[in-house]
>>> print(open('input_6.txt').read())   # compact mmCIF, C-alpha atoms and all ligand atoms
# COMPACT_ATOMS: atom_id res chain seq x y z
CA MET H 5 -9.77 7.60 -19.64
CA SER H 6 -6.89 9.66 -18.37
CA VAL H 7 -6.06 12.96 -16.76
CA LEU H 8 -3.02 15.22 -16.92
CA LEU H 9 -0.99 15.56 -13.77
CA ASP H 10 2.23 17.40 -13.11
CA LEU H 11 5.04 16.68 -15.57
CA HIS H 12 2.20 16.33 -18.08
CA GLU H 13 2.38 12.62 -17.80
CA GLU H 14 -0.72 10.51 -17.72
CA ILE H 15 -1.94 8.00 -15.24
CA THR H 16 -5.16 6.11 -15.70
CA VAL H 17 -8.10 7.90 -14.12
CA VAL H 18 -11.63 6.59 -13.99
CA THR H 19 -14.29 8.99 -12.73
CA LEU H 20 -17.68 7.75 -11.59
CA GLY H 21 -20.70 9.80 -12.63
CA THR H 22 -23.41 10.71 -10.11
CA GLU H 23 -25.56 7.76 -11.07
CA GLU H 24 -22.72 5.27 -10.63
CA SER H 25 -21.57 6.90 -7.42
CA ASP H 26 -25.11 6.69 -5.99
CA ALA H 27 -25.42 3.06 -7.03
CA LEU H 28 -22.09 2.27 -5.36
CA ALA H 29 -23.21 4.10 -2.20
CA GLY H 30 -26.30 1.87 -2.09
CA VAL H 31 -24.18 -1.29 -2.33
CA ALA H 32 -21.80 0.05 0.36
CA ARG H 33 -24.73 0.88 2.66
CA ARG H 34 -26.05 -2.67 2.46
CA LEU H 35 -22.59 -4.10 2.99
CA CYS H 36 -22.22 -2.09 6.20
CA THR H 37 -25.09 -4.07 7.72
CA ARG H 38 -23.57 -7.49 6.98
CA ALA H 39 -21.74 -9.57 9.64
CA ASP H 40 -22.36 -6.88 12.27
CA GLY H 41 -20.37 -4.46 10.13
CA ARG H 42 -17.13 -5.79 11.57
CA VAL H 43 -14.52 -5.11 8.92
CA ASP H 44 -12.01 -7.69 10.18
CA ASN H 45 -14.54 -10.50 10.40
CA VAL H 46 -13.93 -13.08 7.66
CA GLY H 47 -17.69 -13.17 7.04
CA TRP H 48 -17.73 -9.43 6.41
CA VAL H 49 -14.76 -9.68 4.06
CA ALA H 50 -16.58 -12.43 2.17
CA ALA H 51 -19.66 -10.17 2.00
CA ALA H 52 -17.47 -7.40 0.55
CA GLY H 53 -16.40 -9.82 -2.20
CA GLU H 54 -20.05 -10.63 -2.96
CA ALA H 55 -21.03 -6.95 -2.90
CA TRP H 56 -18.27 -6.14 -5.39
CA GLU H 57 -20.24 -8.11 -7.98
CA GLU H 58 -23.13 -5.64 -7.56
CA THR H 59 -21.05 -2.50 -8.16
CA PRO H 60 -21.30 -0.49 -11.40
CA PRO H 61 -19.85 -2.47 -14.34
CA MET H 62 -17.58 0.39 -15.45
CA LEU H 63 -15.84 0.30 -12.07
CA ARG H 64 -15.34 -3.44 -12.21
CA GLN H 65 -14.13 -3.23 -15.77
CA ALA H 66 -11.54 -0.57 -14.88
CA VAL H 67 -10.23 -2.70 -12.02
CA ARG H 68 -10.15 -5.83 -14.18
CA THR H 69 -8.19 -4.02 -16.89
CA PHE H 70 -5.70 -2.65 -14.34
CA ARG H 71 -5.22 -6.07 -12.81
CA ARG H 72 -4.18 -7.48 -16.19
CA ASP H 73 -1.91 -4.55 -17.06
CA SER H 74 -1.22 -1.77 -14.57
CA GLY H 75 0.08 0.47 -17.33
CA ARG H 76 3.06 2.76 -17.69
CA HIS H 77 2.76 4.24 -14.19
CA GLY H 78 1.45 1.20 -12.31
CA THR H 79 -1.21 3.42 -10.82
CA LEU H 80 -4.98 3.68 -11.11
CA LEU H 81 -6.93 6.65 -9.78
CA LEU H 82 -10.65 6.15 -9.16
CA ARG H 83 -12.57 9.38 -8.64
CA GLY H 84 -16.07 10.32 -7.57
CA LEU H 85 -16.45 7.52 -5.02
CA PRO H 86 -19.10 7.97 -2.32
CA LEU H 87 -18.18 8.90 1.24
CA GLY H 88 -21.65 8.30 2.71
CA SER H 89 -24.24 10.70 3.98
CA ASP H 90 -23.02 10.92 7.58
CA PRO H 91 -20.81 13.90 8.36
CA LEU H 92 -17.16 12.91 8.44
CA PRO H 93 -15.84 12.67 12.01
CA PRO H 94 -12.67 14.57 12.97
CA THR H 95 -9.50 13.11 11.53
CA PRO H 96 -8.06 10.75 14.15
CA ASN H 97 -4.55 11.50 15.34
CA ALA H 98 -3.79 8.55 17.59
CA ASP H 99 -0.85 6.41 16.61
CA ASN H 100 -1.83 3.20 14.79
CA SER H 101 -5.42 4.26 14.37
CA VAL H 102 -7.54 1.77 12.41
CA GLN H 103 -11.13 1.38 11.19
CA ARG H 104 -12.72 -1.74 12.65
CA THR H 105 -16.34 -0.80 11.95
CA ALA H 106 -17.78 -0.65 8.45
CA THR H 107 -18.39 2.81 7.02
CA CYS H 108 -19.10 3.82 3.45
CA PRO H 109 -15.46 4.61 2.53
CA ALA H 110 -14.16 1.48 4.28
CA ALA H 111 -16.77 -0.60 2.44
CA VAL H 112 -15.79 0.93 -0.91
CA LEU H 113 -12.11 0.30 -0.16
CA MET H 114 -12.70 -3.33 0.70
CA MET H 115 -14.93 -3.93 -2.31
CA VAL H 116 -12.30 -2.57 -4.69
CA ALA H 117 -9.69 -4.67 -2.86
CA SER H 118 -11.85 -7.76 -3.50
CA GLY H 119 -11.87 -6.89 -7.19
CA LEU H 120 -8.07 -7.05 -7.26
CA GLY H 121 -7.58 -10.17 -5.15
CA ASP H 122 -7.91 -10.58 -1.39
CA PRO H 123 -7.39 -7.92 1.27
CA VAL H 124 -4.67 -8.69 3.81
CA ALA H 125 -2.92 -7.11 6.78
CA PHE H 126 0.17 -7.96 8.82
CA MET H 127 -0.30 -8.76 12.48
CA ALA H 128 2.75 -6.73 13.46
CA GLU H 129 1.47 -3.63 11.74
CA LYS H 130 -1.45 -1.59 13.07
CA SER H 131 -2.62 -4.64 15.03
CA GLY H 132 -3.48 -6.54 11.86
CA ALA H 133 -6.51 -4.37 11.01
CA LEU H 134 -7.57 -4.63 7.39
CA VAL H 135 -8.54 -0.95 7.10
CA GLN H 136 -5.91 1.37 8.49
CA ASP H 137 -5.97 5.12 8.91
CA VAL H 138 -3.16 7.04 7.24
CA VAL H 139 -3.07 10.22 9.30
CA PRO H 140 -0.38 12.50 10.71
CA VAL H 141 0.43 11.75 14.35
CA PRO H 142 1.75 14.28 16.88
CA ASP H 143 5.47 13.84 17.62
CA LYS H 144 5.87 11.55 14.61
CA GLU H 145 6.41 14.38 12.13
CA THR H 146 9.88 13.25 11.10
CA SER H 147 9.09 9.55 11.07
CA GLN H 148 9.66 7.69 7.80
CA SER H 149 6.25 6.12 8.15
CA ASN H 150 2.76 7.08 7.16
CA ALA H 151 2.33 8.83 10.53
CA GLY H 152 4.91 11.44 9.52
CA SER H 153 4.57 14.67 7.59
CA VAL H 154 8.11 15.18 6.31
CA PRO H 155 8.72 13.82 2.80
CA LEU H 156 8.21 10.06 2.78
CA MET H 157 10.86 8.36 0.65
CA PHE H 158 9.98 6.10 -2.26
CA HIS H 159 9.36 2.51 -1.29
CA THR H 160 7.89 -0.79 -2.27
CA GLU H 161 5.38 -1.45 0.49
CA ASN H 162 6.91 -3.92 2.97
CA ALA H 163 9.79 -4.50 0.57
CA PHE H 164 11.53 -6.83 3.04
CA HIS H 165 8.66 -9.26 3.05
CA ALA H 166 8.27 -12.40 0.93
CA HIS H 167 4.51 -11.82 0.88
CA ARG H 168 4.56 -8.07 0.40
CA PRO H 169 1.30 -6.73 -1.01
CA ASP H 170 0.67 -6.89 -4.75
CA TYR H 171 -1.45 -3.74 -4.48
CA VAL H 172 -1.67 -0.86 -2.03
CA LEU H 173 -5.01 0.96 -1.92
CA LEU H 174 -5.43 4.44 -0.46
CA ASN H 175 -8.87 6.01 -0.19
CA CYS H 176 -8.98 9.74 0.50
CA LEU H 177 -11.53 10.93 3.06
CA ARG H 178 -9.98 14.35 3.64
CA ALA H 179 -7.19 16.25 1.87
CA ASP H 180 -4.56 18.22 3.77
CA GLN H 181 -5.59 21.81 4.39
CA ASP H 182 -2.88 23.42 2.26
CA GLY H 183 -3.18 20.98 -0.63
CA SER H 184 0.53 20.25 -0.48
CA ALA H 185 0.50 16.52 0.33
CA GLY H 186 1.10 14.71 -2.94
CA LEU H 187 1.16 10.94 -3.15
CA ARG H 188 4.25 10.35 -5.29
CA VAL H 189 4.45 7.38 -7.62
CA VAL H 190 7.15 6.15 -9.93
CA SER H 191 7.04 2.94 -11.90
CA VAL H 192 9.87 0.77 -13.10
CA ARG H 193 8.48 1.19 -16.61
CA ALA H 194 9.00 4.94 -16.42
CA LEU H 195 12.40 4.57 -14.71
CA LEU H 196 14.08 2.05 -17.00
CA PRO H 197 14.84 4.38 -19.93
CA TYR H 198 16.74 6.67 -17.54
CA LEU H 199 18.97 3.99 -16.05
CA ASP H 200 22.34 3.43 -17.71
CA ASP H 201 23.56 -0.11 -18.44
CA ARG H 202 25.89 -0.24 -15.46
CA THR H 203 23.13 0.80 -13.05
CA ARG H 204 20.69 -1.71 -14.51
CA GLU H 205 23.20 -4.50 -14.26
CA ALA H 206 23.85 -3.71 -10.61
CA LEU H 207 20.14 -3.54 -9.83
CA TRP H 208 19.63 -7.03 -11.25
CA ALA H 209 22.28 -8.47 -8.92
CA GLU H 210 21.38 -9.93 -5.52
CA GLU H 211 23.46 -7.38 -3.69
CA PHE H 212 20.85 -5.62 -1.55
CA VAL H 213 19.34 -6.32 1.86
CA THR H 214 16.13 -4.77 3.11
CA GLU H 215 15.30 -4.32 6.76
CA PRO H 216 11.78 -4.58 8.08
CA PRO H 217 10.23 -1.25 9.10
CA PRO H 218 10.08 -0.49 12.83
CA SER H 219 6.61 -2.01 12.97
CA PHE H 220 7.94 -5.50 12.38
CA ALA H 221 9.71 -6.86 15.43
CA THR H 222 12.95 -8.48 14.34
CA ARG H 223 14.77 -11.26 16.07
CA ALA H 224 18.22 -10.42 17.23
CA GLY H 225 20.71 -11.63 14.68
CA ALA H 226 18.14 -12.07 11.93
CA GLU H 227 19.89 -11.60 8.66
CA GLY H 228 18.12 -10.54 5.49
CA VAL H 229 18.82 -12.67 2.46
CA PRO H 230 20.36 -10.63 -0.35
CA HIS H 231 17.92 -9.75 -3.10
CA ALA H 232 17.92 -7.89 -6.38
CA VAL H 233 16.12 -4.60 -6.88
CA LEU H 234 15.01 -5.62 -10.39
CA HIS H 235 13.68 -9.09 -11.05
CA GLY H 236 11.36 -10.93 -13.41
CA HIS H 237 11.44 -10.43 -17.18
CA GLU H 238 14.05 -8.01 -18.44
CA ASP H 239 11.53 -6.39 -20.82
CA ASP H 240 9.12 -5.60 -17.99
CA PRO H 241 10.78 -6.21 -14.62
CA GLU H 242 9.38 -5.88 -11.13
CA ILE H 243 11.01 -3.60 -8.62
CA ARG H 244 11.69 -4.23 -4.93
CA VAL H 245 13.36 -1.47 -2.99
CA ASP H 246 12.87 0.88 -0.09
CA LEU H 247 15.06 3.96 -0.37
CA VAL H 248 15.30 4.13 3.42
CA ALA H 249 15.44 0.46 4.41
CA THR H 250 17.35 -1.15 1.54
CA ARG H 251 21.12 -1.39 2.04
CA PRO H 252 23.67 -2.01 -0.72
CA MET H 253 26.14 -4.83 -0.09
CA THR H 254 28.70 -3.79 -2.69
CA ARG H 255 30.12 -0.57 -4.01
CA ARG H 256 28.35 -0.93 -7.37
CA ALA H 257 25.06 -1.62 -5.60
CA GLY H 258 25.56 1.62 -3.62
CA SER H 259 26.16 3.65 -6.77
CA ALA H 260 23.15 2.06 -8.44
CA LEU H 261 20.89 2.91 -5.50
CA ALA H 262 22.07 6.53 -5.59
CA ARG H 263 21.36 6.73 -9.32
CA LEU H 264 17.96 5.11 -8.82
CA ARG H 265 17.11 7.67 -6.14
CA ASP H 266 17.96 10.57 -8.49
CA CYS H 267 15.89 9.05 -11.28
CA CYS H 268 12.91 8.55 -8.94
CA GLU H 269 13.02 12.24 -8.10
CA ALA H 270 13.21 13.15 -11.78
CA VAL H 271 10.45 11.02 -13.26
CA SER H 272 7.93 10.53 -10.44
CA LEU H 273 4.39 11.84 -10.61
CA SER H 274 2.43 13.46 -7.78
CA VAL H 275 -1.22 12.77 -7.22
CA TYR H 276 -3.06 15.30 -5.06
CA LEU H 277 -5.92 13.30 -3.66
CA SER H 278 -9.36 14.80 -2.97
CA PRO H 279 -12.14 13.24 -0.93
CA GLY H 280 -13.72 10.49 -3.02
CA ASP H 281 -10.42 9.59 -4.75
CA LEU H 282 -9.03 6.09 -4.35
CA VAL H 283 -5.56 5.26 -5.63
CA VAL H 284 -4.38 1.76 -6.42
CA VAL H 285 -0.61 1.31 -6.66
CA ASP H 286 0.75 -1.85 -8.27
CA ASN H 287 3.35 -2.63 -5.61
CA ARG H 288 5.28 -4.91 -7.98
CA SER H 289 5.95 -2.32 -10.63
CA ALA H 290 5.65 1.04 -8.85
CA LEU H 291 7.20 2.72 -5.83
CA HIS H 292 5.32 5.29 -3.80
CA GLY H 293 6.11 8.05 -1.35
CA ARG H 294 4.62 11.35 -0.24
CA SER H 295 5.63 15.00 -0.25
CA ALA H 296 5.75 17.03 2.95
CA PHE H 297 2.71 18.76 4.40
CA ARG H 298 1.80 20.64 7.54
CA ALA H 299 -0.20 18.78 10.14
CA ARG H 300 -2.33 20.82 12.54
CA TYR H 301 -3.94 18.11 14.67
CA ASP H 302 -7.18 20.06 14.75
CA GLY H 303 -9.47 17.33 13.39
CA TYR H 304 -9.16 18.53 9.78
CA ASP H 305 -5.86 16.94 8.83
CA ARG H 306 -5.31 14.72 5.82
CA TRP H 307 -7.04 11.34 6.21
CA LEU H 308 -6.61 8.35 3.96
CA GLN H 309 -7.70 4.80 4.59
CA ARG H 310 -5.45 2.03 3.40
CA THR H 311 -5.65 -1.67 2.70
CA PHE H 312 -3.33 -4.17 1.05
CA VAL H 313 -4.16 -6.84 -1.49
CA LEU H 314 -2.57 -10.16 -2.38
CA ALA H 315 -3.46 -11.33 -5.88
CA ASP H 316 -3.10 -14.97 -4.80
CA LEU H 317 -3.99 -15.43 -1.14
CA ARG H 318 -3.33 -19.16 -1.17
CA ARG H 319 0.42 -18.77 -1.58
CA SER H 320 0.70 -17.25 1.91
CA ARG H 321 -1.48 -19.91 3.57
CA ARG H 322 1.32 -21.22 5.75
CA TYR H 323 1.47 -17.88 7.51
CA ARG H 324 -2.22 -17.18 7.99
CA SER H 325 -4.00 -18.69 10.95
CA GLN H 326 -7.39 -20.30 10.19
CA ASP H 327 -7.16 -19.20 6.56
CA GLY H 328 -7.86 -15.62 7.66
CA HIS H 329 -6.65 -12.40 6.10
CA VAL H 330 -3.92 -11.52 8.58
CA LEU H 331 -0.34 -12.58 8.01
CA ASN H 332 1.58 -13.31 11.14
CA SER H 333 4.43 -11.01 11.95
CA TRP H 334 6.99 -13.70 11.42
CA ASP H 335 6.00 -14.75 7.99
CA VAL H 336 8.98 -12.97 6.57
CA ALA H 337 9.42 -16.47 5.18
CA GLU H 338 12.29 -18.64 4.35
CA SER H 339 13.03 -16.80 1.14
CA SER H 340 13.53 -13.49 2.91
CA TRP H 341 15.40 -14.43 6.06
CA ARG H 342 17.75 -17.19 6.86
CA SER H 343 19.27 -18.92 9.87
CA THR H 344 17.06 -17.29 12.48
CA ALA H 345 13.78 -17.69 10.59
CA PRO H 346 11.10 -19.64 12.49
CA THR H 347 11.55 -23.37 12.25
CA SER H 348 8.00 -24.51 12.80
CA THR H 349 4.52 -23.26 12.08
CA ARG H 350 3.85 -23.20 15.80
CA ASP H 351 6.86 -20.96 16.26
CA ILE H 352 5.57 -18.62 13.59
CA PHE H 353 2.14 -18.26 15.15
CA THR H 354 3.30 -17.71 18.68
CA THR H 355 5.99 -15.10 18.19
CA SER H 356 5.21 -11.96 20.12
CA ARG H 357 3.97 -8.83 18.39
CA SER H 358 5.10 -5.29 18.73
CA PRO H 359 2.53 -3.14 20.52
CA GLU H 360 4.38 -0.10 19.21
CA ALA H 361 3.56 -1.14 15.66
CA GLU H 362 4.09 1.77 13.35
CA GLY H 363 2.58 1.96 9.87
CA TRP H 364 4.90 2.20 6.96
O1 LIG C 1 0.60 9.31 2.86
C1 LIG C 1 0.63 8.83 1.77
O2 LIG C 1 0.14 9.39 0.77
C2 LIG C 1 1.25 7.46 1.53
C3 LIG C 1 1.76 6.84 2.78
C4 LIG C 1 2.27 5.44 2.55
O3 LIG C 1 3.29 5.22 1.97
C5 LIG C 1 1.46 4.32 2.99
O4 LIG C 1 0.49 4.51 3.74
O5 LIG C 1 1.78 3.18 2.62
FE FE C 2 3.63 3.06 1.78
>>> encode(input="input_6.txt", output="structure tokens", more="lines below")
Ligand SMILES: O=C(O)CCC(=O)C(=O)O
Ligand SMILES: [Fe+2]
Amino acid sequence: MSVLLDLHEEITVVTLGTEESDALAGVARRLCTRADGRVDNVGWVAAAGEAWEETPPMLRQAVRTFRRDSGRHGTLLLRGLPLGSDPLPPTPNADNSVQRTATCPAAVLMMVASGLGDPVAFMAEKSGALVQDVVPVPDKETSQSNAGSVPLMFHTENAFHAHRPDYVLLNCLRADQDGSAGLRVVSVRALLPYLDDRTREALWAEEFVTEPPPSFATRAGAEGVPHAVLHGHEDDPEIRVDLVATRPMTRRAGSALARLRDCCEAVSLSVYLSPGDLVVVDNRSALHGRSAFRARYDGYDRWLQRTFVLADLRRSRRYRSQDGHVLNSWDVAESSWRSTAPTSTRDIFTTSRSPEAEGW
């Protein structure tokens, strides 16, 4: 199943019919009553995983297929998802707003996340809540974060991080009033044919450093370990870059980043989300960003809910207290930071967190 978007390129779209949407709403309703409906409770997350098994088979099949091969654009768009029968409250506009209580859209988000792996959050970001609101925030218009409304540059989510998400999920509760906010996606598979040999060679070299976003408190003197933008198999590489936070360390790396930026602009796709649309971005093969839109702060602004997924939760165990779903702020990990990285597990778990955490 597919749909045509701008540039007449196709991303995979799966649309639920009324019957499937109603069935999914029933499963979500029951899930909301489990474990006191507390989204961040490990028991509730486990219940979301169980509930996923009761969702319509075509939904599970689409997610399973995407997990095996995220396709040319590394993006899956699920449409026709239920939002519940309660009227939607006004769009929040507080900074770092999160959804701690189960609602129909949050339940759907977390069930789909369970189908892809395990939902996770980062303690330093939006207080470690598993379901985060992506909404424009007054006075943050120009911020290169999801609280802003100027164009948001292409990025791998939490590109600096050794345990960056494998998938980013965004569930649309409300579109922006002018219909101008497009989620922009561009995959390495679409980019590669446009990159000349010299650019590719530079992108494979470990000549880039990526800073954490403002939400992740850094230790003075912490030094990012150089990494490549392209890695993995040369036929089908993964991409790791943030066009704001990644710095070139050499002249050729700088030229390659500039070329990459131009190509992203040229071959990206925009997805204009409507209520009931949920996008899954494969964070290993696709970058995402967002076009500008006008925020009004009148309760009817654009409202997405977001969660992250790790395909293999176990690998990050060292950084998760009590085998929970929240990665500590300092689990940038030995492979991402050197010299000033935490030296003991105790150190990792006791490092202070930034109350000003800002979503990225
Ligand atoms: O606002 C959007 O569509 C995407 C924002 C974003 O990059 C994110 O929340 O990770
Ligand atoms: Fe993002």
>>> residues_around(input="input_6.txt", residues="stretch 84-90 of chain H", least_positions_apart="4", cutoff="7 Å", atoms="all atoms listed in the file", output="MDAnalysis selection string")
chainID H and resid 19:21 25 29 108:109 280:281
>>> write_last_selection(input="input_6.txt", atoms="C-alpha atoms", output="tab-separated table (two decimals), in the frame of the given file")
chain	number	residue	atom	x	y	z
H	19	THR	CA	-14.29	8.99	-12.73
H	20	LEU	CA	-17.68	7.75	-11.59
H	21	GLY	CA	-20.70	9.80	-12.63
H	25	SER	CA	-21.57	6.90	-7.42
H	29	ALA	CA	-23.21	4.10	-2.20
H	108	CYS	CA	-19.10	3.82	3.45
H	109	PRO	CA	-15.46	4.61	2.53
H	280	GLY	CA	-13.72	10.49	-3.02
H	281	ASP	CA	-10.42	9.59	-4.75
>>> closest_residue(input="input_6.txt", among="H:Tyr276, H:Phe70, H:Tyr301, H:Phe312", to="ligand FE 2 (chain C)", atoms="only C-alpha atoms and all ligand atoms")
H:Phe312
>>> closest_residue(input="input_6.txt", among="H:His165, H:Arg104, H:Arg76, H:Arg68", to="H:Asp40", atoms="all atoms listed in the file")
H:Arg104
>>> closest_atom_pairs(input="input_6.txt", of="chain H", to="ligand FE 2 (chain C)", cutoff="7 Å", atoms="only C-alpha atoms and all ligand atoms", output="JSON lines")
{"residue": "H:Asn150", "atom": "CA", "partner": "C:FE2", "partner_atom": "FE", "distance": 6.8}
{"residue": "H:His159", "atom": "CA", "partner": "C:FE2", "partner_atom": "FE", "distance": 6.5}
{"residue": "H:Glu161", "atom": "CA", "partner": "C:FE2", "partner_atom": "FE", "distance": 5.0}
{"residue": "H:His292", "atom": "CA", "partner": "C:FE2", "partner_atom": "FE", "distance": 6.2}
{"residue": "H:Gly293", "atom": "CA", "partner": "C:FE2", "partner_atom": "FE", "distance": 6.4}
{"residue": "H:Trp364", "atom": "CA", "partner": "C:FE2", "partner_atom": "FE", "distance": 5.4}
>>> axis_aligned_box(input="input_6.txt", around="stretch 111-127 of chain H", padding_each_side="4 Å", output="lines of an AutoDock Vina configuration file")
center_x = -8.3
center_y = -4.8
center_z = 2.6
size_x = 24.9
size_y = 19.5
size_z = 27.7
>>> residues_near_ligand(input="input_6.txt", ligand="ligand LIG 1 (chain C)", cutoff="10 Å", atoms="only C-alpha atoms and all ligand atoms", output="ChimeraX atom specification")
/H:136-140,148-153,155-162,172-176,185-189,274-277,283,285,291-297,306-312,363-364
>>> residues_around(input="input_6.txt", residues="stretch 121-126 of chain H", least_positions_apart="6", cutoff="10 Å", atoms="only C-alpha atoms", output="ChimeraX atom specification")
/H:44,49-50,53,71,113-115,132-136,162,167-173,219-220,311-318,324,328-335
>>> residues_around(input="input_6.txt", residues="H:Pro94", least_positions_apart="5", cutoff="9 Å", atoms="all atoms listed in the file", output="list in words")
Asp302, Gly303, Tyr304 and Asp305 of chain H
>>> atom_distance(input="input_6.txt", atom1="atom CA of H:Asp240", atom2="atom CA of H:Leu199")
13.9 Å
>>> residues_around(input="input_6.txt", residues="H:Arg244", least_positions_apart="2", cutoff="9 Å", atoms="only C-alpha atoms", output="list in words")
His159, Thr160, Glu161, Ala163, Phe164, His231, Ala232, Val233, Leu234, His235, Glu242, Asp246, Asn287, Arg288, Ser289, Ala290 and Leu291 of chain H
>>> closest_residue(input="input_6.txt", among="H:Glu145, H:Val190, H:Pro60, H:Arg42", to="H:Ile15", atoms="all atoms listed in the file")
H:Val190
>>> atom_distance(input="input_6.txt", atom1="atom CA of H:Thr16", atom2="atom CA of H:His77")
8.3 Å
